[in-house]
Amino acid sequence: MRDDWRECRGDAGHRRWAARVRSGMCRESLRVAARRCDRWRWGFWLMGLCLVFGLQQGVWAGDDAAAPRPNIVLIMSDDMGFSDIGCYGGEIDTPTLDRLAANGVRFSQFYNTGRCCPTRASLLTGLYPHQAGVGWMMADRGYPGYRGDLNRECVTIAEVLHRAGYATYMTGKWHVTKHIQPDGPKFNWPRQRGFERFYGTITGAGSFFDPGTLCRDNTNISPFADPEYRPKVFYYTDAIGDHAARFITEHERATPDRPYFLYVAFTAAHWPMHALPEDIEKYKGRYSNGYRPIREARFRRLKELGLIRPDWELSPQHGDWESFPHKEWEARCMEVYAAMIDRMDRNIGKIVEAIEQAGDLQNTLILFLQDNGGCQEGVGRKGNWKRPVAATLPKIPPEAIRLDVIPKQNRAGVPTLQGPHIMPGPEDTYIAYGINWANVSNTPFREYKHFVHEGGISTPLIAHWPAGIRRKGAIEHQPGHLIDIMATCVDVAGAEYPETYMGHRIQPMEGVSLVPAFNGEPLRRSEPLFWEHEGNRAVRDGKWKLVAKENRPWELYDMERDRTEMHDLSGEHPEIVQRLSAAWDRWARRARVLPLGAWRGKPKAKKPARRRSAKAAKAG
């Protein structure tokens with residue numbers, strides 16, 4: 001109690017308590033709040049403060065001033081482009097996401113970091129990925145920014161909100177540690193980084209019918225020997241959605257007065273292209289005319305929706321449909337991809353339904369976003385397999401634990417089938433949809449996953465929170481970034497971001513709260529936004545974006561006139577290039593990005609030079 005009283009003292013303490021009151025953290029009786037301050041005179045002061053802020057803040061939420069802090073549900077999909085979902089111009093059926101968008105806010109310029117695990121590190125910590133130790137993938141490259149593990153100089157959203165009284169749950173893909181072995185270190189697994197319950201996979205990809213590194217809490221499990229979850233057909237997207245809905249239902253049954261934070265990380269639509277037959281059938285024939293018609297239709301729809309300006313150009317088409325030799329197979333790749341997203345949307349629907357059944361939809365902040373742009377990687381697109389293929393390998397028992405990302409076989413002993421003679425979708429296949437369809441997914445932008453041109457880093461962001469967002473169906477054009485999600489959660493939860501945690505000094509948050517933008521107000525951002533991945537680098541400051549591929553010169557674009565990055569203005573504005581490149585250099589030094597190229601591995605130590613002979617030295 002004395003600590004609570006000390007926290008109240010001084011202007012800073014008053015501001016912290018005011019923030020808590022505004023967020024509804026003061027849900028106890030004022031008499032109890034007064035007792036926490038340990039002196040009645042402070043209690044009376046708090047009563048007055050609550051009354052004042054209740055009158056001032058009750059208006060913006062459209063609810064009682066004493067409304068409880070909101071639940072927060074953060075949903076992320078995997079390897080999807082800017083224009084895949086319906087409310088962002090796509091032809092794929094996503095009624096749940098469309099509904100959330102129609103009753104909330106869509107961001108037209110929200111940014112990720114261009115790759116799976118750096119995005120997750122940034123999202124979870126509110127830092128740039130190198131600051132969290134995950135500047136590249138899950139490998140230790142010998143530099144602080146490239147350890148392949150979340151470091152202890154960062155905290156996760158779950159760690160921060162748990163200290164503020166939130167229950168914390170996660171389902172889906174973790175992918176921020178290099179330790180995946182069942183008997184290995186678990187210090188960076190979800191349960192050890194603030195989540196009370198976890199169901200999902202530790203690694204970055206795998207079969208949707210038999211995923212590797214599947215866990216319940218800290219224990220690896222087989223989907224076919226799990227006593228708690230035995231569907232007729234195991235499909236990972238369903239499992240993620242079912243467990244998320246289950247966590248909500250069980251939370252409401254056990255602790256209905258406690259707010260919760262739920263992080264749902266779907267693996268759809270990351271390769272392999274795996275989907276259920278009935279979902280694939282729904283999209284049969286939809287992509288048989290190739291890339292261009294779909295891409296042009298999306299471009300028109302994006303303009304009609306107001307997500308892009310009508311005078312922007314469409315970036316170049318990749319791939320010639322007429323010359324592609326395996327058209328039926330290529331169309332099937334996109335049919336399966338669409339089926340995966342369709343199924344994910346229905347599972348988001350399960351989560352929304354669970355929230356509605358608990359009566360909490362009004363005061364739950366739901367955020368949906370994606371981890372990077374469409375994926376151009378050609379996994380499984382080569383090979384000479386043709387059906388039928390017999391089970392020629394030893395069977396794998398149902399209870400066996402799998403850890404593989406790209407399995408060599410299924411449990412029945414059938415080798416993993418790849419190549420253009422194998423139709424993607426079934427559990428014995430492992431095929432990606434390829435660069436041509438990724439170009440469609442990223443309409444209207446250039447480039448793909450890995451890169452920091454707009455096609456690699458532009459993601460939808462949907463924010464739905466009826467009690468806290470006045471606008472319905474609005475589009476917000478202010479740029480936002482993954483680093484802003486932590487700040488937003490801290491803001492709406494009335495939480496405090498720590499200076500120290502478990503004995504470690506914590507780096508300050510890099511982002512700003514998006515709450516003002518939810519209601520059309522300016523964001524309080526004082527610094528540009530920055531990127532680096534695999535030597536690809538960028539900085540966005542106002543309307544200007546400076547961007548370059550690895551070992552290539554800087555390009556400069558006016559994002560207001562040319563967000564599709566078609567007209568490089570670096571030659572016309574060398575002074576802007578110099579200013580922004582200098583800003584990027586300062587950030588790179590501060591944010592542990594350097595040495596540039598560290599993602600390739602720590603350079604080998606140079607052998608000491610052989611000592612020159614006295615005769616050679618004398619000769620000079």
# chains A, B, ... in the order shown; residues from 1 in each chain; ligands from 1
$ residues_around --residues "Thr237 in chain A" --least-positions-apart "5" --cutoff "9 Å" --atoms "only C-alpha atoms" --output "VMD selection string"
chain A and resid 172 208 242 266 to 268 340 343 to 344 347
$ write_last_selection --atoms "C-alpha atoms" --output "short mmCIF file (atom, residue, chain, number, x, y, z; two decimals), in the first residue's frame"
data_model
loop_
_atom_site.label_atom_id
_atom_site.label_comp_id
_atom_site.auth_asym_id
_atom_site.auth_seq_id
_atom_site.Cartn_x
_atom_site.Cartn_y
_atom_site.Cartn_z
CA GLY A 172 -0.68 -19.85 -33.22
CA PHE A 208 -1.34 -27.48 -41.80
CA ASP A 242 -10.93 -23.16 -31.83
CA PHE A 266 -2.50 -17.64 -37.85
CA THR A 267 -0.09 -19.39 -40.23
CA ALA A 268 -2.47 -18.87 -43.17
CA MET A 340 -6.73 -20.87 -46.80
CA ARG A 343 -11.01 -20.63 -43.74
CA MET A 344 -8.98 -18.22 -41.62
CA ASN A 347 -12.07 -18.91 -37.68
#
$ select_by_dssp --residues "range 248-376 of chain A" --states "helix (DSSP H, G or I)" --output "ChimeraX atom specification"
/A:248-254,277-282,291-305,321-323,327-357,361-363
$ select_by_dssp --residues "range 113-243 of chain A" --states "strand (DSSP E or B)" --output "NGL selection string"
:A and (134 or 146 or 167-173 or 197-201 or 214-216 or 219-220)
$ closest_residue --among "A:Pro95, A:Pro466, A:Pro498, A:Gly81" --to "Ile157 in chain A" --atoms "only C-alpha atoms"
A:Pro498
$ closest_residue --among "A:Gly597, A:Gly194, A:Pro118, A:Gly456" --to "Gly373 in chain A" --atoms "only C-alpha atoms"
A:Gly456
$ atom_distance --atom1 "CA of Gly383 in chain A" --atom2 "CA of Asn289 in chain A"
24.6 Å
$ atom_distance --atom1 "CA of His453 in chain A" --atom2 "CA of Arg563 in chain A"
9.7 Å
$ residues_around --residues "range 479-488 of chain A" --least-positions-apart "3" --cutoff "10 Å" --atoms "only C-alpha atoms" --output "MDAnalysis selection string"
chainID A and resid 74 107:113 119:129 155:158 160:161 367 369:371 457:459 461 476 491:497 509:517 523 525 529:530 540:543
$ closest_residue --among "A:Gly212, A:Pro310, A:Gly290, A:Pro420" --to "Pro182 in chain A" --atoms "only C-alpha atoms"
A:Gly212
$ residues_around --residues "Pro407 in chain A" --least-positions-apart "4" --cutoff "9 Å" --atoms "only C-alpha atoms" --output "list in words"
Gly206, Ser207, Gly212, Arg402, Leu403, Pro415, Thr416 and Tyr430 of chain A
$ decode --residues "range 236-251 of chain A" --atoms "all heavy atoms" --output "PDB file, in the first residue's frame"
ATOM      1  N   TYR A 236      -4.714 -26.942 -38.997  1.00  0.00           N
ATOM      2  CA  TYR A 236      -4.105 -26.038 -38.018  1.00  0.00           C
ATOM      3  C   TYR A 236      -4.855 -24.715 -37.883  1.00  0.00           C
ATOM      4  O   TYR A 236      -5.001 -24.185 -36.782  1.00  0.00           O
ATOM      5  CB  TYR A 236      -2.643 -25.806 -38.390  1.00  0.00           C
ATOM      6  CG  TYR A 236      -1.835 -25.081 -37.329  1.00  0.00           C
ATOM      7  CD1 TYR A 236      -2.118 -25.205 -35.970  1.00  0.00           C
ATOM      8  CD2 TYR A 236      -0.760 -24.277 -37.698  1.00  0.00           C
ATOM      9  CE1 TYR A 236      -1.362 -24.548 -35.014  1.00  0.00           C
ATOM     10  CE2 TYR A 236       0.005 -23.619 -36.750  1.00  0.00           C
ATOM     11  CZ  TYR A 236      -0.303 -23.753 -35.411  1.00  0.00           C
ATOM     12  OH  TYR A 236       0.454 -23.102 -34.464  1.00  0.00           O
ATOM     13  N   THR A 237      -5.352 -24.158 -38.976  1.00  0.00           N
ATOM     14  CA  THR A 237      -6.101 -22.906 -38.880  1.00  0.00           C
ATOM     15  C   THR A 237      -7.317 -23.071 -37.986  1.00  0.00           C
ATOM     16  O   THR A 237      -7.623 -22.195 -37.163  1.00  0.00           O
ATOM     17  CB  THR A 237      -6.523 -22.433 -40.286  1.00  0.00           C
ATOM     18  OG1 THR A 237      -5.352 -22.250 -41.087  1.00  0.00           O
ATOM     19  CG2 THR A 237      -7.291 -21.125 -40.219  1.00  0.00           C
ATOM     20  N   ASP A 238      -8.020 -24.203 -38.124  1.00  0.00           N
ATOM     21  CA  ASP A 238      -9.152 -24.485 -37.241  1.00  0.00           C
ATOM     22  C   ASP A 238      -8.696 -24.623 -35.792  1.00  0.00           C
ATOM     23  O   ASP A 238      -9.366 -24.130 -34.873  1.00  0.00           O
ATOM     24  CB  ASP A 238      -9.854 -25.774 -37.669  1.00  0.00           C
ATOM     25  CG  ASP A 238     -10.660 -25.617 -38.949  1.00  0.00           C
ATOM     26  OD1 ASP A 238     -10.908 -24.476 -39.369  1.00  0.00           O
ATOM     27  OD2 ASP A 238     -11.028 -26.659 -39.530  1.00  0.00           O
ATOM     28  N   ALA A 239      -7.581 -25.297 -35.582  1.00  0.00           N
ATOM     29  CA  ALA A 239      -7.087 -25.505 -34.225  1.00  0.00           C
ATOM     30  C   ALA A 239      -6.743 -24.175 -33.551  1.00  0.00           C
ATOM     31  O   ALA A 239      -7.031 -23.970 -32.361  1.00  0.00           O
ATOM     32  CB  ALA A 239      -5.864 -26.425 -34.246  1.00  0.00           C
ATOM     33  N   ILE A 240      -6.131 -23.265 -34.309  1.00  0.00           N
ATOM     34  CA  ILE A 240      -5.806 -21.946 -33.764  1.00  0.00           C
ATOM     35  C   ILE A 240      -7.082 -21.204 -33.381  1.00  0.00           C
ATOM     36  O   ILE A 240      -7.199 -20.635 -32.284  1.00  0.00           O
ATOM     37  CB  ILE A 240      -4.978 -21.138 -34.778  1.00  0.00           C
ATOM     38  CG1 ILE A 240      -3.597 -21.757 -34.963  1.00  0.00           C
ATOM     39  CG2 ILE A 240      -4.853 -19.676 -34.335  1.00  0.00           C
ATOM     40  CD1 ILE A 240      -2.799 -21.156 -36.123  1.00  0.00           C
ATOM     41  N   GLY A 241      -8.064 -21.189 -34.300  1.00  0.00           N
ATOM     42  CA  GLY A 241      -9.316 -20.495 -34.020  1.00  0.00           C
ATOM     43  C   GLY A 241     -10.110 -21.129 -32.900  1.00  0.00           C
ATOM     44  O   GLY A 241     -10.670 -20.435 -32.044  1.00  0.00           O
ATOM     45  N   ASP A 242     -10.182 -22.460 -32.885  1.00  0.00           N
ATOM     46  CA  ASP A 242     -10.935 -23.156 -31.831  1.00  0.00           C
ATOM     47  C   ASP A 242     -10.345 -22.887 -30.460  1.00  0.00           C
ATOM     48  O   ASP A 242     -11.089 -22.668 -29.484  1.00  0.00           O
ATOM     49  CB  ASP A 242     -10.934 -24.665 -32.099  1.00  0.00           C
ATOM     50  CG  ASP A 242     -11.814 -25.061 -33.272  1.00  0.00           C
ATOM     51  OD1 ASP A 242     -12.677 -24.252 -33.668  1.00  0.00           O
ATOM     52  OD2 ASP A 242     -11.630 -26.179 -33.806  1.00  0.00           O
ATOM     53  N   HIS A 243      -9.021 -22.894 -30.345  1.00  0.00           N
ATOM     54  CA  HIS A 243      -8.402 -22.656 -29.038  1.00  0.00           C
ATOM     55  C   HIS A 243      -8.527 -21.202 -28.605  1.00  0.00           C
ATOM     56  O   HIS A 243      -8.694 -20.913 -27.412  1.00  0.00           O
ATOM     57  CB  HIS A 243      -6.946 -23.099 -29.056  1.00  0.00           C
ATOM     58  CG  HIS A 243      -6.773 -24.570 -28.869  1.00  0.00           C
ATOM     59  ND1 HIS A 243      -6.908 -25.478 -29.908  1.00  0.00           N
ATOM     60  CD2 HIS A 243      -6.494 -25.308 -27.760  1.00  0.00           C
ATOM     61  CE1 HIS A 243      -6.715 -26.705 -29.452  1.00  0.00           C
ATOM     62  NE2 HIS A 243      -6.457 -26.627 -28.141  1.00  0.00           N
ATOM     63  N   ALA A 244      -8.468 -20.278 -29.557  1.00  0.00           N
ATOM     64  CA  ALA A 244      -8.667 -18.873 -29.206  1.00  0.00           C
ATOM     65  C   ALA A 244     -10.070 -18.661 -28.645  1.00  0.00           C
ATOM     66  O   ALA A 244     -10.252 -18.007 -27.608  1.00  0.00           O
ATOM     67  CB  ALA A 244      -8.428 -17.987 -30.422  1.00  0.00           C
ATOM     68  N   ALA A 245     -11.077 -19.219 -29.328  1.00  0.00           N
ATOM     69  CA  ALA A 245     -12.457 -19.103 -28.847  1.00  0.00           C
ATOM     70  C   ALA A 245     -12.613 -19.803 -27.496  1.00  0.00           C
ATOM     71  O   ALA A 245     -13.319 -19.305 -26.605  1.00  0.00           O
ATOM     72  CB  ALA A 245     -13.417 -19.697 -29.875  1.00  0.00           C
ATOM     73  N   ARG A 246     -11.959 -20.929 -27.340  1.00  0.00           N
ATOM     74  CA  ARG A 246     -12.021 -21.671 -26.076  1.00  0.00           C
ATOM     75  C   ARG A 246     -11.428 -20.851 -24.936  1.00  0.00           C
ATOM     76  O   ARG A 246     -12.004 -20.781 -23.835  1.00  0.00           O
ATOM     77  CB  ARG A 246     -11.276 -22.993 -26.226  1.00  0.00           C
ATOM     78  CG  ARG A 246     -11.044 -23.740 -24.923  1.00  0.00           C
ATOM     79  CD  ARG A 246     -10.200 -24.967 -25.141  1.00  0.00           C
ATOM     80  NE  ARG A 246      -9.744 -25.539 -23.886  1.00  0.00           N
ATOM     81  CZ  ARG A 246      -8.955 -26.600 -23.786  1.00  0.00           C
ATOM     82  NH1 ARG A 246      -8.546 -27.223 -24.882  1.00  0.00           N
ATOM     83  NH2 ARG A 246      -8.579 -27.062 -22.611  1.00  0.00           N
ATOM     84  N   PHE A 247     -10.281 -20.216 -25.175  1.00  0.00           N
ATOM     85  CA  PHE A 247      -9.658 -19.411 -24.125  1.00  0.00           C
ATOM     86  C   PHE A 247     -10.589 -18.276 -23.689  1.00  0.00           C
ATOM     87  O   PHE A 247     -10.694 -17.961 -22.499  1.00  0.00           O
ATOM     88  CB  PHE A 247      -8.329 -18.841 -24.611  1.00  0.00           C
ATOM     89  CG  PHE A 247      -7.216 -19.844 -24.725  1.00  0.00           C
ATOM     90  CD1 PHE A 247      -6.035 -19.516 -25.365  1.00  0.00           C
ATOM     91  CD2 PHE A 247      -7.339 -21.130 -24.209  1.00  0.00           C
ATOM     92  CE1 PHE A 247      -4.994 -20.429 -25.476  1.00  0.00           C
ATOM     93  CE2 PHE A 247      -6.306 -22.064 -24.316  1.00  0.00           C
ATOM     94  CZ  PHE A 247      -5.128 -21.709 -24.956  1.00  0.00           C
ATOM     95  N   ILE A 248     -11.277 -17.655 -24.653  1.00  0.00           N
ATOM     96  CA  ILE A 248     -12.206 -16.578 -24.312  1.00  0.00           C
ATOM     97  C   ILE A 248     -13.359 -17.109 -23.471  1.00  0.00           C
ATOM     98  O   ILE A 248     -13.720 -16.543 -22.427  1.00  0.00           O
ATOM     99  CB  ILE A 248     -12.741 -15.910 -25.591  1.00  0.00           C
ATOM    100  CG1 ILE A 248     -11.616 -15.153 -26.300  1.00  0.00           C
ATOM    101  CG2 ILE A 248     -13.906 -14.967 -25.272  1.00  0.00           C
ATOM    102  CD1 ILE A 248     -11.991 -14.672 -27.695  1.00  0.00           C
ATOM    103  N   THR A 249     -13.951 -18.214 -23.911  1.00  0.00           N
ATOM    104  CA  THR A 249     -15.100 -18.789 -23.208  1.00  0.00           C
ATOM    105  C   THR A 249     -14.725 -19.202 -21.792  1.00  0.00           C
ATOM    106  O   THR A 249     -15.454 -18.915 -20.825  1.00  0.00           O
ATOM    107  CB  THR A 249     -15.643 -19.991 -23.990  1.00  0.00           C
ATOM    108  OG1 THR A 249     -16.036 -19.576 -25.301  1.00  0.00           O
ATOM    109  CG2 THR A 249     -16.829 -20.621 -23.270  1.00  0.00           C
ATOM    110  N   GLU A 250     -13.586 -19.871 -21.651  1.00  0.00           N
ATOM    111  CA  GLU A 250     -13.155 -20.312 -20.323  1.00  0.00           C
ATOM    112  C   GLU A 250     -12.768 -19.136 -19.441  1.00  0.00           C
ATOM    113  O   GLU A 250     -13.001 -19.160 -18.220  1.00  0.00           O
ATOM    114  CB  GLU A 250     -12.006 -21.306 -20.463  1.00  0.00           C
ATOM    115  CG  GLU A 250     -12.455 -22.615 -21.097  1.00  0.00           C
ATOM    116  CD  GLU A 250     -11.320 -23.616 -21.296  1.00  0.00           C
ATOM    117  OE1 GLU A 250     -10.145 -23.257 -21.035  1.00  0.00           O
ATOM    118  OE2 GLU A 250     -11.617 -24.761 -21.712  1.00  0.00           O
ATOM    119  N   HIS A 251     -12.201 -18.102 -20.040  1.00  0.00           N
ATOM    120  CA  HIS A 251     -11.878 -16.908 -19.264  1.00  0.00           C
ATOM    121  C   HIS A 251     -13.150 -16.269 -18.719  1.00  0.00           C
ATOM    122  O   HIS A 251     -13.214 -15.896 -17.538  1.00  0.00           O
ATOM    123  CB  HIS A 251     -11.134 -15.906 -20.147  1.00  0.00           C
ATOM    124  CG  HIS A 251     -10.934 -14.571 -19.498  1.00  0.00           C
ATOM    125  ND1 HIS A 251      -9.808 -14.254 -18.783  1.00  0.00           N
ATOM    126  CD2 HIS A 251     -11.734 -13.463 -19.447  1.00  0.00           C
ATOM    127  CE1 HIS A 251      -9.905 -13.027 -18.309  1.00  0.00           C
ATOM    128  NE2 HIS A 251     -11.070 -12.526 -18.707  1.00  0.00           N
TER     129      HIS A 251
END
